[in-house]
$ cat work11.pdb   # PDB, C-alpha atoms and all ligand atoms
ATOM      1  CA  MET A   1       1.878  44.845 -52.568  1.00  0.00           C
ATOM      2  CA  GLU A   2       0.223  46.383 -55.669  1.00  0.00           C
ATOM      3  CA  GLU A   3      -2.914  48.557 -55.601  1.00  0.00           C
ATOM      4  CA  ARG A   4      -6.056  46.649 -54.703  1.00  0.00           C
ATOM      5  CA  LYS A   5      -9.135  48.884 -54.487  1.00  0.00           C
ATOM      6  CA  THR A   6     -11.697  47.714 -51.919  1.00  0.00           C
ATOM      7  CA  ASP A   7     -15.116  48.906 -50.698  1.00  0.00           C
ATOM      8  CA  VAL A   8     -14.360  48.531 -47.008  1.00  0.00           C
ATOM      9  CA  LEU A   9     -11.117  48.335 -45.029  1.00  0.00           C
ATOM     10  CA  VAL A  10     -11.316  47.153 -41.422  1.00  0.00           C
ATOM     11  CA  ILE A  11      -8.277  48.075 -39.342  1.00  0.00           C
ATOM     12  CA  ALA A  12      -8.015  45.754 -36.355  1.00  0.00           C
ATOM     13  CA  THR A  13      -5.461  45.920 -33.550  1.00  0.00           C
ATOM     14  CA  HIS A  14      -5.183  42.170 -32.950  1.00  0.00           C
ATOM     15  CA  PRO A  15      -6.227  39.246 -35.131  1.00  0.00           C
ATOM     16  CA  ASP A  16      -9.820  38.497 -33.910  1.00  0.00           C
ATOM     17  CA  ASP A  17     -10.819  42.106 -33.053  1.00  0.00           C
ATOM     18  CA  GLY A  18     -12.505  42.564 -36.434  1.00  0.00           C
ATOM     19  CA  GLU A  19     -14.530  39.367 -36.036  1.00  0.00           C
ATOM     20  CA  LEU A  20     -15.567  40.206 -32.461  1.00  0.00           C
ATOM     21  CA  CYS A  21     -16.617  43.789 -33.105  1.00  0.00           C
ATOM     22  CA  CYS A  22     -18.003  43.809 -36.630  1.00  0.00           C
ATOM     23  CA  GLY A  23     -17.924  40.206 -37.903  1.00  0.00           C
ATOM     24  CA  GLY A  24     -21.659  40.258 -38.627  1.00  0.00           C
ATOM     25  CA  THR A  25     -21.418  43.520 -40.560  1.00  0.00           C
ATOM     26  CA  ILE A  26     -18.480  42.154 -42.576  1.00  0.00           C
ATOM     27  CA  ALA A  27     -20.393  38.948 -43.386  1.00  0.00           C
ATOM     28  CA  LYS A  28     -23.369  41.035 -44.489  1.00  0.00           C
ATOM     29  CA  LEU A  29     -21.221  43.219 -46.776  1.00  0.00           C
ATOM     30  CA  THR A  30     -19.452  40.301 -48.450  1.00  0.00           C
ATOM     31  CA  GLY A  31     -22.828  38.537 -48.825  1.00  0.00           C
ATOM     32  CA  GLU A  32     -24.016  41.637 -50.705  1.00  0.00           C
ATOM     33  CA  GLY A  33     -21.047  41.370 -53.083  1.00  0.00           C
ATOM     34  CA  ARG A  34     -18.944  44.114 -51.451  1.00  0.00           C
ATOM     35  CA  SER A  35     -15.205  43.703 -51.077  1.00  0.00           C
ATOM     36  CA  VAL A  36     -13.829  43.793 -47.528  1.00  0.00           C
ATOM     37  CA  VAL A  37     -10.168  43.740 -46.498  1.00  0.00           C
ATOM     38  CA  VAL A  38      -8.973  43.339 -42.902  1.00  0.00           C
ATOM     39  CA  ALA A  39      -5.610  44.783 -41.857  1.00  0.00           C
ATOM     40  CA  ASP A  40      -4.448  43.447 -38.479  1.00  0.00           C
ATOM     41  CA  CYS A  41      -1.875  45.756 -36.879  1.00  0.00           C
ATOM     42  CA  THR A  42      -0.190  43.090 -34.711  1.00  0.00           C
ATOM     43  CA  ARG A  43       0.244  39.341 -34.776  1.00  0.00           C
ATOM     44  CA  GLY A  44      -1.097  39.060 -31.231  1.00  0.00           C
ATOM     45  CA  GLU A  45       2.232  37.690 -30.000  1.00  0.00           C
ATOM     46  CA  LEU A  46       1.618  38.950 -26.463  1.00  0.00           C
ATOM     47  CA  GLY A  47      -1.586  36.954 -26.136  1.00  0.00           C
ATOM     48  CA  SER A  48      -1.597  34.583 -23.146  1.00  0.00           C
ATOM     49  CA  ARG A  49      -2.911  31.719 -25.292  1.00  0.00           C
ATOM     50  CA  GLY A  50      -1.824  30.381 -28.688  1.00  0.00           C
ATOM     51  CA  THR A  51       1.279  31.243 -30.736  1.00  0.00           C
ATOM     52  CA  VAL A  52       1.871  33.626 -33.631  1.00  0.00           C
ATOM     53  CA  GLU A  53       1.631  30.658 -35.996  1.00  0.00           C
ATOM     54  CA  THR A  54      -1.633  29.275 -34.565  1.00  0.00           C
ATOM     55  CA  ARG A  55      -3.124  32.766 -34.562  1.00  0.00           C
ATOM     56  CA  ARG A  56      -2.135  33.212 -38.217  1.00  0.00           C
ATOM     57  CA  GLN A  57      -3.844  29.953 -39.151  1.00  0.00           C
ATOM     58  CA  GLU A  58      -6.900  30.939 -37.144  1.00  0.00           C
ATOM     59  CA  ALA A  59      -7.051  34.338 -38.896  1.00  0.00           C
ATOM     60  CA  ASP A  60      -6.912  32.540 -42.270  1.00  0.00           C
ATOM     61  CA  ARG A  61      -9.837  30.330 -41.257  1.00  0.00           C
ATOM     62  CA  ALA A  62     -11.870  33.306 -40.017  1.00  0.00           C
ATOM     63  CA  SER A  63     -11.120  35.196 -43.271  1.00  0.00           C
ATOM     64  CA  ALA A  64     -12.528  32.288 -45.264  1.00  0.00           C
ATOM     65  CA  VAL A  65     -15.673  32.177 -43.098  1.00  0.00           C
ATOM     66  CA  LEU A  66     -16.269  35.915 -43.688  1.00  0.00           C
ATOM     67  CA  ASN A  67     -15.280  35.712 -47.358  1.00  0.00           C
ATOM     68  CA  LEU A  68     -12.709  38.520 -47.105  1.00  0.00           C
ATOM     69  CA  SER A  69     -11.021  39.708 -50.307  1.00  0.00           C
ATOM     70  CA  GLU A  70      -7.740  39.894 -48.487  1.00  0.00           C
ATOM     71  CA  ARG A  71      -6.159  40.054 -45.042  1.00  0.00           C
ATOM     72  CA  VAL A  72      -2.840  41.721 -44.308  1.00  0.00           C
ATOM     73  CA  ASN A  73      -0.732  42.027 -41.177  1.00  0.00           C
ATOM     74  CA  LEU A  74       1.154  45.255 -40.499  1.00  0.00           C
ATOM     75  CA  GLY A  75       3.630  43.660 -38.058  1.00  0.00           C
ATOM     76  CA  MET A  76       3.449  46.219 -35.240  1.00  0.00           C
ATOM     77  CA  PRO A  77       4.641  45.005 -31.811  1.00  0.00           C
ATOM     78  CA  ASP A  78       1.735  43.710 -29.711  1.00  0.00           C
ATOM     79  CA  GLY A  79       1.326  45.612 -26.424  1.00  0.00           C
ATOM     80  CA  ASN A  80       3.581  48.456 -27.518  1.00  0.00           C
ATOM     81  CA  ILE A  81       1.965  50.229 -30.427  1.00  0.00           C
ATOM     82  CA  LYS A  82       3.627  53.598 -30.698  1.00  0.00           C
ATOM     83  CA  VAL A  83       1.769  56.467 -32.300  1.00  0.00           C
ATOM     84  CA  ASP A  84       4.867  57.378 -34.284  1.00  0.00           C
ATOM     85  CA  GLU A  85       5.802  58.200 -37.863  1.00  0.00           C
ATOM     86  CA  ASP A  86       6.760  54.626 -38.705  1.00  0.00           C
ATOM     87  CA  ASN A  87       3.400  53.190 -37.736  1.00  0.00           C
ATOM     88  CA  VAL A  88       1.422  56.098 -39.226  1.00  0.00           C
ATOM     89  CA  ARG A  89       3.204  55.411 -42.519  1.00  0.00           C
ATOM     90  CA  LYS A  90       2.306  51.715 -42.382  1.00  0.00           C
ATOM     91  CA  ILE A  91      -1.367  52.677 -42.131  1.00  0.00           C
ATOM     92  CA  ILE A  92      -1.059  55.368 -44.856  1.00  0.00           C
ATOM     93  CA  LYS A  93       0.482  52.812 -47.227  1.00  0.00           C
ATOM     94  CA  THR A  94      -2.341  50.383 -46.484  1.00  0.00           C
ATOM     95  CA  ILE A  95      -5.033  53.045 -47.057  1.00  0.00           C
ATOM     96  CA  ARG A  96      -3.421  54.205 -50.318  1.00  0.00           C
ATOM     97  CA  MET A  97      -3.053  50.633 -51.512  1.00  0.00           C
ATOM     98  CA  PHE A  98      -6.658  49.531 -50.855  1.00  0.00           C
ATOM     99  CA  LYS A  99      -8.373  52.941 -51.399  1.00  0.00           C
ATOM    100  CA  PRO A 100     -11.389  51.993 -49.253  1.00  0.00           C
ATOM    101  CA  THR A 101     -14.626  53.995 -49.482  1.00  0.00           C
ATOM    102  CA  LEU A 102     -15.376  53.122 -45.840  1.00  0.00           C
ATOM    103  CA  LEU A 103     -12.764  52.594 -43.168  1.00  0.00           C
ATOM    104  CA  LEU A 104     -13.680  50.839 -39.908  1.00  0.00           C
ATOM    105  CA  LEU A 105     -11.494  51.436 -36.837  1.00  0.00           C
ATOM    106  CA  PRO A 106     -11.535  50.964 -33.038  1.00  0.00           C
ATOM    107  CA  GLY A 107     -13.298  53.581 -30.892  1.00  0.00           C
ATOM    108  CA  PRO A 108     -11.272  56.270 -29.075  1.00  0.00           C
ATOM    109  CA  SER A 109     -11.480  54.774 -25.569  1.00  0.00           C
ATOM    110  CA  ASP A 110     -11.169  51.116 -24.547  1.00  0.00           C
ATOM    111  CA  ARG A 111     -10.080  48.656 -21.846  1.00  0.00           C
ATOM    112  CA  HIS A 112      -7.062  47.589 -23.951  1.00  0.00           C
ATOM    113  CA  THR A 113      -4.857  50.628 -24.558  1.00  0.00           C
ATOM    114  CA  ASP A 114      -3.523  49.121 -27.829  1.00  0.00           C
ATOM    115  CA  HIS A 115      -7.023  49.700 -29.222  1.00  0.00           C
ATOM    116  CA  GLU A 116      -6.873  53.377 -28.244  1.00  0.00           C
ATOM    117  CA  ASP A 117      -3.424  53.723 -29.824  1.00  0.00           C
ATOM    118  CA  VAL A 118      -4.685  52.230 -33.092  1.00  0.00           C
ATOM    119  CA  HIS A 119      -7.611  54.684 -33.088  1.00  0.00           C
ATOM    120  CA  SER A 120      -5.143  57.597 -32.826  1.00  0.00           C
ATOM    121  CA  LEU A 121      -2.818  56.077 -35.422  1.00  0.00           C
ATOM    122  CA  VAL A 122      -5.623  55.629 -37.940  1.00  0.00           C
ATOM    123  CA  ARG A 123      -6.976  59.157 -37.376  1.00  0.00           C
ATOM    124  CA  LYS A 124      -3.530  60.637 -38.030  1.00  0.00           C
ATOM    125  CA  ALA A 125      -2.889  58.340 -40.980  1.00  0.00           C
ATOM    126  CA  VAL A 126      -6.213  59.113 -42.687  1.00  0.00           C
ATOM    127  CA  PHE A 127      -5.552  62.830 -42.522  1.00  0.00           C
ATOM    128  CA  GLN A 128      -1.974  62.547 -43.763  1.00  0.00           C
ATOM    129  CA  SER A 129      -2.936  60.016 -46.431  1.00  0.00           C
ATOM    130  CA  GLY A 130      -4.758  62.810 -48.277  1.00  0.00           C
ATOM    131  CA  LEU A 131      -1.727  65.088 -48.329  1.00  0.00           C
ATOM    132  CA  PRO A 132       0.298  64.968 -51.573  1.00  0.00           C
ATOM    133  CA  LYS A 133       3.449  66.059 -49.751  1.00  0.00           C
ATOM    134  CA  ILE A 134       3.416  62.907 -47.630  1.00  0.00           C
ATOM    135  CA  VAL A 135       5.220  60.611 -50.039  1.00  0.00           C
ATOM    136  CA  THR A 136       4.965  56.842 -49.796  1.00  0.00           C
ATOM    137  CA  GLU A 137       6.124  54.195 -52.216  1.00  0.00           C
ATOM    138  CA  GLU A 138       5.108  50.643 -52.834  1.00  0.00           C
ATOM    139  CA  ASN A 139       7.356  48.406 -54.925  1.00  0.00           C
ATOM    140  CA  GLY A 140       9.306  51.420 -56.141  1.00  0.00           C
ATOM    141  CA  SER A 141       6.297  53.417 -57.378  1.00  0.00           C
ATOM    142  CA  ARG A 142       4.852  56.466 -55.702  1.00  0.00           C
ATOM    143  CA  GLN A 143       1.389  56.008 -54.183  1.00  0.00           C
ATOM    144  CA  GLU A 144      -1.390  58.538 -54.851  1.00  0.00           C
ATOM    145  CA  PRO A 145      -2.857  60.572 -51.974  1.00  0.00           C
ATOM    146  CA  PHE A 146      -6.192  59.121 -50.855  1.00  0.00           C
ATOM    147  CA  ARG A 147      -8.743  59.512 -48.037  1.00  0.00           C
ATOM    148  CA  PRO A 148     -11.700  57.216 -47.347  1.00  0.00           C
ATOM    149  CA  GLN A 149     -15.150  58.840 -47.494  1.00  0.00           C
ATOM    150  CA  ARG A 150     -16.147  57.764 -43.991  1.00  0.00           C
ATOM    151  CA  LEU A 151     -14.496  56.639 -40.780  1.00  0.00           C
ATOM    152  CA  LEU A 152     -16.708  54.394 -38.687  1.00  0.00           C
ATOM    153  CA  CYS A 153     -15.748  53.209 -35.190  1.00  0.00           C
ATOM    154  CA  TYR A 154     -16.748  49.675 -34.177  1.00  0.00           C
ATOM    155  CA  MET A 155     -17.370  48.939 -30.505  1.00  0.00           C
ATOM    156  CA  GLN A 156     -14.919  46.903 -28.394  1.00  0.00           C
ATOM    157  CA  THR A 157     -15.256  46.508 -24.602  1.00  0.00           C
ATOM    158  CA  TYR A 158     -16.103  50.081 -23.619  1.00  0.00           C
ATOM    159  CA  GLU A 159     -19.232  51.656 -25.030  1.00  0.00           C
ATOM    160  CA  PHE A 160     -19.515  54.993 -26.793  1.00  0.00           C
ATOM    161  CA  PRO A 161     -22.487  57.059 -27.965  1.00  0.00           C
ATOM    162  CA  VAL A 162     -23.834  55.111 -30.946  1.00  0.00           C
ATOM    163  CA  ASP A 163     -24.754  56.745 -34.257  1.00  0.00           C
ATOM    164  CA  PHE A 164     -26.353  53.699 -35.903  1.00  0.00           C
ATOM    165  CA  TYR A 165     -26.840  49.954 -35.590  1.00  0.00           C
ATOM    166  CA  VAL A 166     -26.501  47.311 -38.314  1.00  0.00           C
ATOM    167  CA  ASN A 167     -28.994  44.445 -38.306  1.00  0.00           C
ATOM    168  CA  ILE A 168     -26.896  41.241 -38.286  1.00  0.00           C
ATOM    169  CA  THR A 169     -29.669  38.783 -37.424  1.00  0.00           C
ATOM    170  CA  ASP A 170     -29.036  36.547 -40.465  1.00  0.00           C
ATOM    171  CA  GLU A 171     -25.267  36.850 -40.174  1.00  0.00           C
ATOM    172  CA  PHE A 172     -24.934  36.194 -36.434  1.00  0.00           C
ATOM    173  CA  PRO A 173     -24.232  32.435 -36.805  1.00  0.00           C
ATOM    174  CA  ARG A 174     -21.420  33.256 -39.270  1.00  0.00           C
ATOM    175  CA  LYS A 175     -19.996  35.853 -36.891  1.00  0.00           C
ATOM    176  CA  LEU A 176     -19.850  33.187 -34.172  1.00  0.00           C
ATOM    177  CA  GLU A 177     -18.265  30.708 -36.580  1.00  0.00           C
ATOM    178  CA  ALA A 178     -15.577  33.283 -37.442  1.00  0.00           C
ATOM    179  CA  ILE A 179     -14.923  33.964 -33.746  1.00  0.00           C
ATOM    180  CA  ARG A 180     -14.716  30.235 -32.991  1.00  0.00           C
ATOM    181  CA  ALA A 181     -12.071  29.900 -35.721  1.00  0.00           C
ATOM    182  CA  TYR A 182      -9.790  31.462 -33.098  1.00  0.00           C
ATOM    183  CA  SER A 183      -9.936  28.276 -31.062  1.00  0.00           C
ATOM    184  CA  THR A 184      -6.885  29.114 -28.928  1.00  0.00           C
ATOM    185  CA  GLN A 185      -8.387  32.427 -27.826  1.00  0.00           C
ATOM    186  CA  PHE A 186     -11.966  31.609 -26.930  1.00  0.00           C
ATOM    187  CA  HIS A 187     -13.902  28.947 -25.132  1.00  0.00           C
ATOM    188  CA  VAL A 188     -14.594  26.170 -27.632  1.00  0.00           C
ATOM    189  CA  GLU A 189     -16.438  23.177 -26.240  1.00  0.00           C
ATOM    190  CA  ASN A 190     -14.236  20.030 -25.959  1.00  0.00           C
ATOM    191  CA  HIS A 191     -11.210  21.834 -27.432  1.00  0.00           C
ATOM    192  CA  GLU A 192      -7.951  20.877 -25.666  1.00  0.00           C
ATOM    193  CA  GLN A 193      -7.150  24.550 -25.030  1.00  0.00           C
ATOM    194  CA  ALA A 194     -10.337  24.838 -23.027  1.00  0.00           C
ATOM    195  CA  THR A 195      -8.814  22.940 -20.120  1.00  0.00           C
ATOM    196  CA  GLU A 196      -5.055  23.331 -20.559  1.00  0.00           C
ATOM    197  CA  ALA A 197      -4.425  26.979 -21.248  1.00  0.00           C
ATOM    198  CA  TYR A 198      -4.174  30.074 -19.095  1.00  0.00           C
ATOM    199  CA  GLU A 199      -7.608  31.585 -18.630  1.00  0.00           C
ATOM    200  CA  THR A 200      -8.018  35.157 -19.877  1.00  0.00           C
ATOM    201  CA  PHE A 201     -10.725  37.814 -19.971  1.00  0.00           C
ATOM    202  CA  ILE A 202     -11.795  36.590 -23.406  1.00  0.00           C
ATOM    203  CA  SER A 203     -11.280  32.811 -22.987  1.00  0.00           C
ATOM    204  CA  ARG A 204     -13.946  32.347 -20.311  1.00  0.00           C
ATOM    205  CA  PRO A 205     -17.242  30.928 -21.598  1.00  0.00           C
ATOM    206  CA  GLU A 206     -18.916  34.089 -20.231  1.00  0.00           C
ATOM    207  CA  PHE A 207     -17.095  36.202 -22.816  1.00  0.00           C
ATOM    208  CA  LEU A 208     -19.019  34.690 -25.727  1.00  0.00           C
ATOM    209  CA  ASP A 209     -22.192  35.084 -23.651  1.00  0.00           C
ATOM    210  CA  PHE A 210     -21.306  38.775 -23.409  1.00  0.00           C
ATOM    211  CA  ILE A 211     -20.836  39.015 -27.192  1.00  0.00           C
ATOM    212  CA  GLU A 212     -24.239  37.414 -27.741  1.00  0.00           C
ATOM    213  CA  ALA A 213     -25.987  39.433 -24.999  1.00  0.00           C
ATOM    214  CA  ARG A 214     -24.700  42.713 -26.388  1.00  0.00           C
ATOM    215  CA  ALA A 215     -25.747  41.815 -29.940  1.00  0.00           C
ATOM    216  CA  ARG A 216     -29.205  40.866 -28.587  1.00  0.00           C
ATOM    217  CA  TYR A 217     -29.423  44.105 -26.609  1.00  0.00           C
ATOM    218  CA  PHE A 218     -28.422  46.238 -29.599  1.00  0.00           C
ATOM    219  CA  GLY A 219     -30.825  44.221 -31.752  1.00  0.00           C
ATOM    220  CA  ALA A 220     -33.658  44.882 -29.282  1.00  0.00           C
ATOM    221  CA  LYS A 221     -33.041  48.623 -29.590  1.00  0.00           C
ATOM    222  CA  ILE A 222     -33.831  48.510 -33.322  1.00  0.00           C
ATOM    223  CA  GLY A 223     -36.463  45.780 -33.232  1.00  0.00           C
ATOM    224  CA  VAL A 224     -34.382  42.910 -34.620  1.00  0.00           C
ATOM    225  CA  ARG A 225     -32.706  39.893 -32.994  1.00  0.00           C
ATOM    226  CA  TYR A 226     -29.013  40.828 -33.342  1.00  0.00           C
ATOM    227  CA  ALA A 227     -27.168  44.049 -34.203  1.00  0.00           C
ATOM    228  CA  GLU A 228     -23.727  45.668 -34.118  1.00  0.00           C
ATOM    229  CA  ALA A 229     -23.125  49.307 -33.115  1.00  0.00           C
ATOM    230  CA  PHE A 230     -21.071  52.022 -34.821  1.00  0.00           C
ATOM    231  CA  ALA A 231     -20.151  55.677 -34.381  1.00  0.00           C
ATOM    232  CA  SER A 232     -19.146  57.885 -37.268  1.00  0.00           C
ATOM    233  CA  VAL A 233     -16.121  60.129 -36.776  1.00  0.00           C
ATOM    234  CA  GLU A 234     -17.693  62.818 -38.992  1.00  0.00           C
ATOM    235  CA  PRO A 235     -21.374  63.842 -38.777  1.00  0.00           C
ATOM    236  CA  LEU A 236     -23.483  61.534 -40.961  1.00  0.00           C
ATOM    237  CA  GLY A 237     -25.772  63.078 -43.562  1.00  0.00           C
ATOM    238  CA  LEU A 238     -28.639  61.461 -45.482  1.00  0.00           C
ATOM    239  CA  LYS A 239     -29.203  62.000 -49.201  1.00  0.00           C
ATOM    240  CA  SER A 240     -32.953  62.029 -48.481  1.00  0.00           C
ATOM    241  CA  LEU A 241     -35.418  60.673 -45.939  1.00  0.00           C
ATOM    242  CA  SER A 242     -36.235  58.102 -48.629  1.00  0.00           C
ATOM    243  CA  VAL A 243     -33.160  56.241 -47.429  1.00  0.00           C
ATOM    244  CA  LEU A 244     -35.011  55.574 -44.184  1.00  0.00           C
ATOM    245  CA  LEU A 245     -38.020  54.230 -46.076  1.00  0.00           C
ATOM    246  CA  GLU A 246     -35.850  51.365 -47.269  1.00  0.00           C
ATOM    247  CA  ILE A 247     -34.647  50.229 -43.836  1.00  0.00           C
TER     248      ILE A 247
HETATM  249 ZN    ZN B 301      -7.677  43.576 -29.459  1.00  0.00          ZN
END
$ encode --input "work11.pdb" --output "structure tokens"
Amino acid sequence: MEERKTDVLVIATHPDDGELCCGGTIAKLTGEGRSVVVADCTRGELGSRGTVETRRQEADRASAVLNLSERVNLGMPDGNIKVDEDNVRKIIKTIRMFKPTLLLLPGPSDRHTDHEDVHSLVRKAVFQSGLPKIVTEENGSRQEPFRPQRLLCYMQTYEFPVDFYVNITDEFPRKLEAIRAYSTQFHVENHEQATEAYETFISRPEFLDFIEARARYFGAKIGVRYAEAFASVEPLGLKSLSVLLEI
């Protein structure tokens, strides 16, 4: 993997987390000509529905819908993500390779503990990624130390105090299309999996209702139809109040 500078890196625990939590924001960024890379930590092999291969194909389809520059998989074991040196290094190598200005990560507390572990992993990795004495190599050459400018948490099942919302009204249909690319995971009308497979928290039709209801609710808070919510790890500063005149 050679160096591939990107505007935004989204670190997702499982393939589909990025689409569910910030798919509209990603679609908006790529529509504005920004480069977005998604790094999935696991292949989702513990998922009750679908296989590693079907989930890989689904992730490819979702990447095309969102117009991602690239998608990589870090190959951590699903359901058992250790906050250890090995995994921290995998994230450091990814950060140093893509040199993102913004890094999006899961929030600190969630229903699925893998999500919490990835939050901790990314926090550690971002700090260490800026230290020259932490040496990593890619294809035999030493990577430069690098830290993203901002760490922004996207919201999964549990809520956290929100710092800002992104208006995704125009992008909401594309977010849904990207989610539906994961046809083994979610309720897709008339799809064979809809009747045959084991029903999970996210495969029930109500789950997509929840995704829509939350986006509507967040949208209502800022006077638009649909929105996604974020919290910044560091305090956010504005260059000037003029920035708010453009919203
Ligand atoms: Zn997940």
$ resolve_selection --input "work11.pdb" --expression "the PyMOL selection byres (((not hetatm)) within 8 of (chain B and resi 301))" --output "list in words"
Ala12, Thr13, His14, Pro15, Asp16, Asp17, His112, Asp114 and His115 of chain A
$ residues_around --input "work11.pdb" --residues "A:Val122" --least-positions-apart "2" --cutoff "8 Å" --atoms "only C-alpha atoms" --output "list of chain:residue names"
A:Val88, A:Ile91, A:Leu105, A:Val118, A:His119, A:Ser120, A:Lys124, A:Ala125, A:Val126
$ atom_distance --input "work11.pdb" --atom1 "atom CA of A:Asp84" --atom2 "atom CA of A:Glu116"
13.8 Å
$ resolve_selection --input "work11.pdb" --expression "the PyMOL selection byres (((chain A and resi 34-47) around 6) and not hetatm)" --output "list in words"
Thr6, Asp7, Val8, Leu9, Val10, Ile11, Ala12, Thr13, His14, Pro15, Leu29, Thr30, Glu32, Gly33, Ser48, Arg49, Val52, Leu68, Ser69, Glu70, Arg71, Val72, Asn73, Leu74, Gly75, Met76, Pro77 and Asp78 of chain A
$ write_last_selection --input "work11.pdb" --atoms "C-alpha atoms" --output "compact mmCIF listing (two decimals), in the coordinates of the input"
# COMPACT_ATOMS: atom_id res chain seq x y z
CA THR A 6 -11.70 47.71 -51.92
CA ASP A 7 -15.12 48.91 -50.70
CA VAL A 8 -14.36 48.53 -47.01
CA LEU A 9 -11.12 48.34 -45.03
CA VAL A 10 -11.32 47.15 -41.42
CA ILE A 11 -8.28 48.08 -39.34
CA ALA A 12 -8.02 45.75 -36.35
CA THR A 13 -5.46 45.92 -33.55
CA HIS A 14 -5.18 42.17 -32.95
CA PRO A 15 -6.23 39.25 -35.13
CA LEU A 29 -21.22 43.22 -46.78
CA THR A 30 -19.45 40.30 -48.45
CA GLU A 32 -24.02 41.64 -50.70
CA GLY A 33 -21.05 41.37 -53.08
CA SER A 48 -1.60 34.58 -23.15
CA ARG A 49 -2.91 31.72 -25.29
CA VAL A 52 1.87 33.63 -33.63
CA LEU A 68 -12.71 38.52 -47.10
CA SER A 69 -11.02 39.71 -50.31
CA GLU A 70 -7.74 39.89 -48.49
CA ARG A 71 -6.16 40.05 -45.04
CA VAL A 72 -2.84 41.72 -44.31
CA ASN A 73 -0.73 42.03 -41.18
CA LEU A 74 1.15 45.26 -40.50
CA GLY A 75 3.63 43.66 -38.06
CA MET A 76 3.45 46.22 -35.24
CA PRO A 77 4.64 45.00 -31.81
CA ASP A 78 1.74 43.71 -29.71
$ resolve_selection --input "work11.pdb" --expression "the PyMOL selection byres (((chain A and resi 179) around 8) and not hetatm)" --output "list in words"
Asp16, Glu19, Leu20, Ala62, Lys175, Leu176, Glu177, Ala178, Arg180, Ala181, Tyr182 and Phe186 of chain A
$ atom_distance --input "work11.pdb" --atom1 "atom CA of A:Gly219" --atom2 "atom CA of A:Asp117"
29.1 Å
$ atom_distance --input "work11.pdb" --atom1 "atom CA of A:Val65" --atom2 "atom CA of A:Tyr226"
18.7 Å
$ residues_around --input "work11.pdb" --residues "stretch 139-147 of chain A" --least-positions-apart "6" --cutoff "8 Å" --atoms "only C-alpha atoms" --output "PyMOL selection string"
chain A and resi 1-2+93+95-97+99+126-127+129-132
$ residues_near_point --input "work11.pdb" --point "(-31.3, 40.9, -41.1)" --cutoff "10 Å" --atoms "all atoms listed in the file" --output "JSON, numbers by chain"
{"A": [24, 28, 166, 167, 168, 169, 170, 171, 172, 219, 224, 225, 226, 227]}
$ closest_residue --input "work11.pdb" --among "A:Thr136, A:Gln57, A:Ser63, A:Thr25" --to "A:Thr94" --atoms "only C-alpha atoms"
A:Thr136
$ closest_residue --input "work11.pdb" --among "A:Ile134, A:Ile247, A:Ile211, A:Val233" --to "A:Leu104" --atoms "only C-alpha atoms"
A:Val233
$ residues_around --input "work11.pdb" --residues "A:Glu159" --least-positions-apart "6" --cutoff "12 Å" --atoms "only C-alpha atoms" --output "ChimeraX atom specification"
/A:21,106-111,153,214,218,228-231
$ write_last_selection --input "work11.pdb" --atoms "C-alpha atoms" --output "PDB file, in the frame of the given file"
ATOM      1  CA  CYS A  21     -16.617  43.789 -33.105  1.00  0.00           C
ATOM      2  CA  PRO A 106     -11.535  50.964 -33.038  1.00  0.00           C
ATOM      3  CA  GLY A 107     -13.298  53.581 -30.892  1.00  0.00           C
ATOM      4  CA  PRO A 108     -11.272  56.270 -29.075  1.00  0.00           C
ATOM      5  CA  SER A 109     -11.480  54.774 -25.569  1.00  0.00           C
ATOM      6  CA  ASP A 110     -11.169  51.116 -24.547  1.00  0.00           C
ATOM      7  CA  ARG A 111     -10.080  48.656 -21.846  1.00  0.00           C
ATOM      8  CA  CYS A 153     -15.748  53.209 -35.190  1.00  0.00           C
ATOM      9  CA  ARG A 214     -24.700  42.713 -26.388  1.00  0.00           C
ATOM     10  CA  PHE A 218     -28.422  46.238 -29.599  1.00  0.00           C
ATOM     11  CA  GLU A 228     -23.727  45.668 -34.118  1.00  0.00           C
ATOM     12  CA  ALA A 229     -23.125  49.307 -33.115  1.00  0.00           C
ATOM     13  CA  PHE A 230     -21.071  52.022 -34.821  1.00  0.00           C
ATOM     14  CA  ALA A 231     -20.151  55.677 -34.381  1.00  0.00           C
TER      15      ALA A 231
END
$ residues_around --input "work11.pdb" --residues "stretch 237-245 of chain A" --least-positions-apart "2" --cutoff "12 Å" --atoms "all atoms listed in the file" --output "PyMOL selection string"
chain A and resi 150+163+232+234-235+247
$ residues_near_point --input "work11.pdb" --point "(-11.2, 55.4, -49.0)" --cutoff "6 Å" --atoms "only C-alpha atoms" --output "number ranges by chain"
A: 99-102, 147-149
$ axis_aligned_box --input "work11.pdb" --around "stretch 135-141 of chain A" --padding-each-side "6 Å" --output "JSON"
{"center_x": 7.1, "center_y": 54.5, "center_z": -53.6, "size_x": 16.3, "size_y": 24.2, "size_z": 19.6}
$ closest_residue --input "work11.pdb" --among "A:Leu152, A:Asp209, A:Arg216, A:Glu58" --to "A:Phe164" --atoms "all atoms listed in the file"
A:Leu152
$ closest_residue --input "work11.pdb" --among "A:Glu246, A:Thr51, A:Phe98, A:Arg123" --to "A:Arg4" --atoms "all atoms listed in the file"
A:Phe98
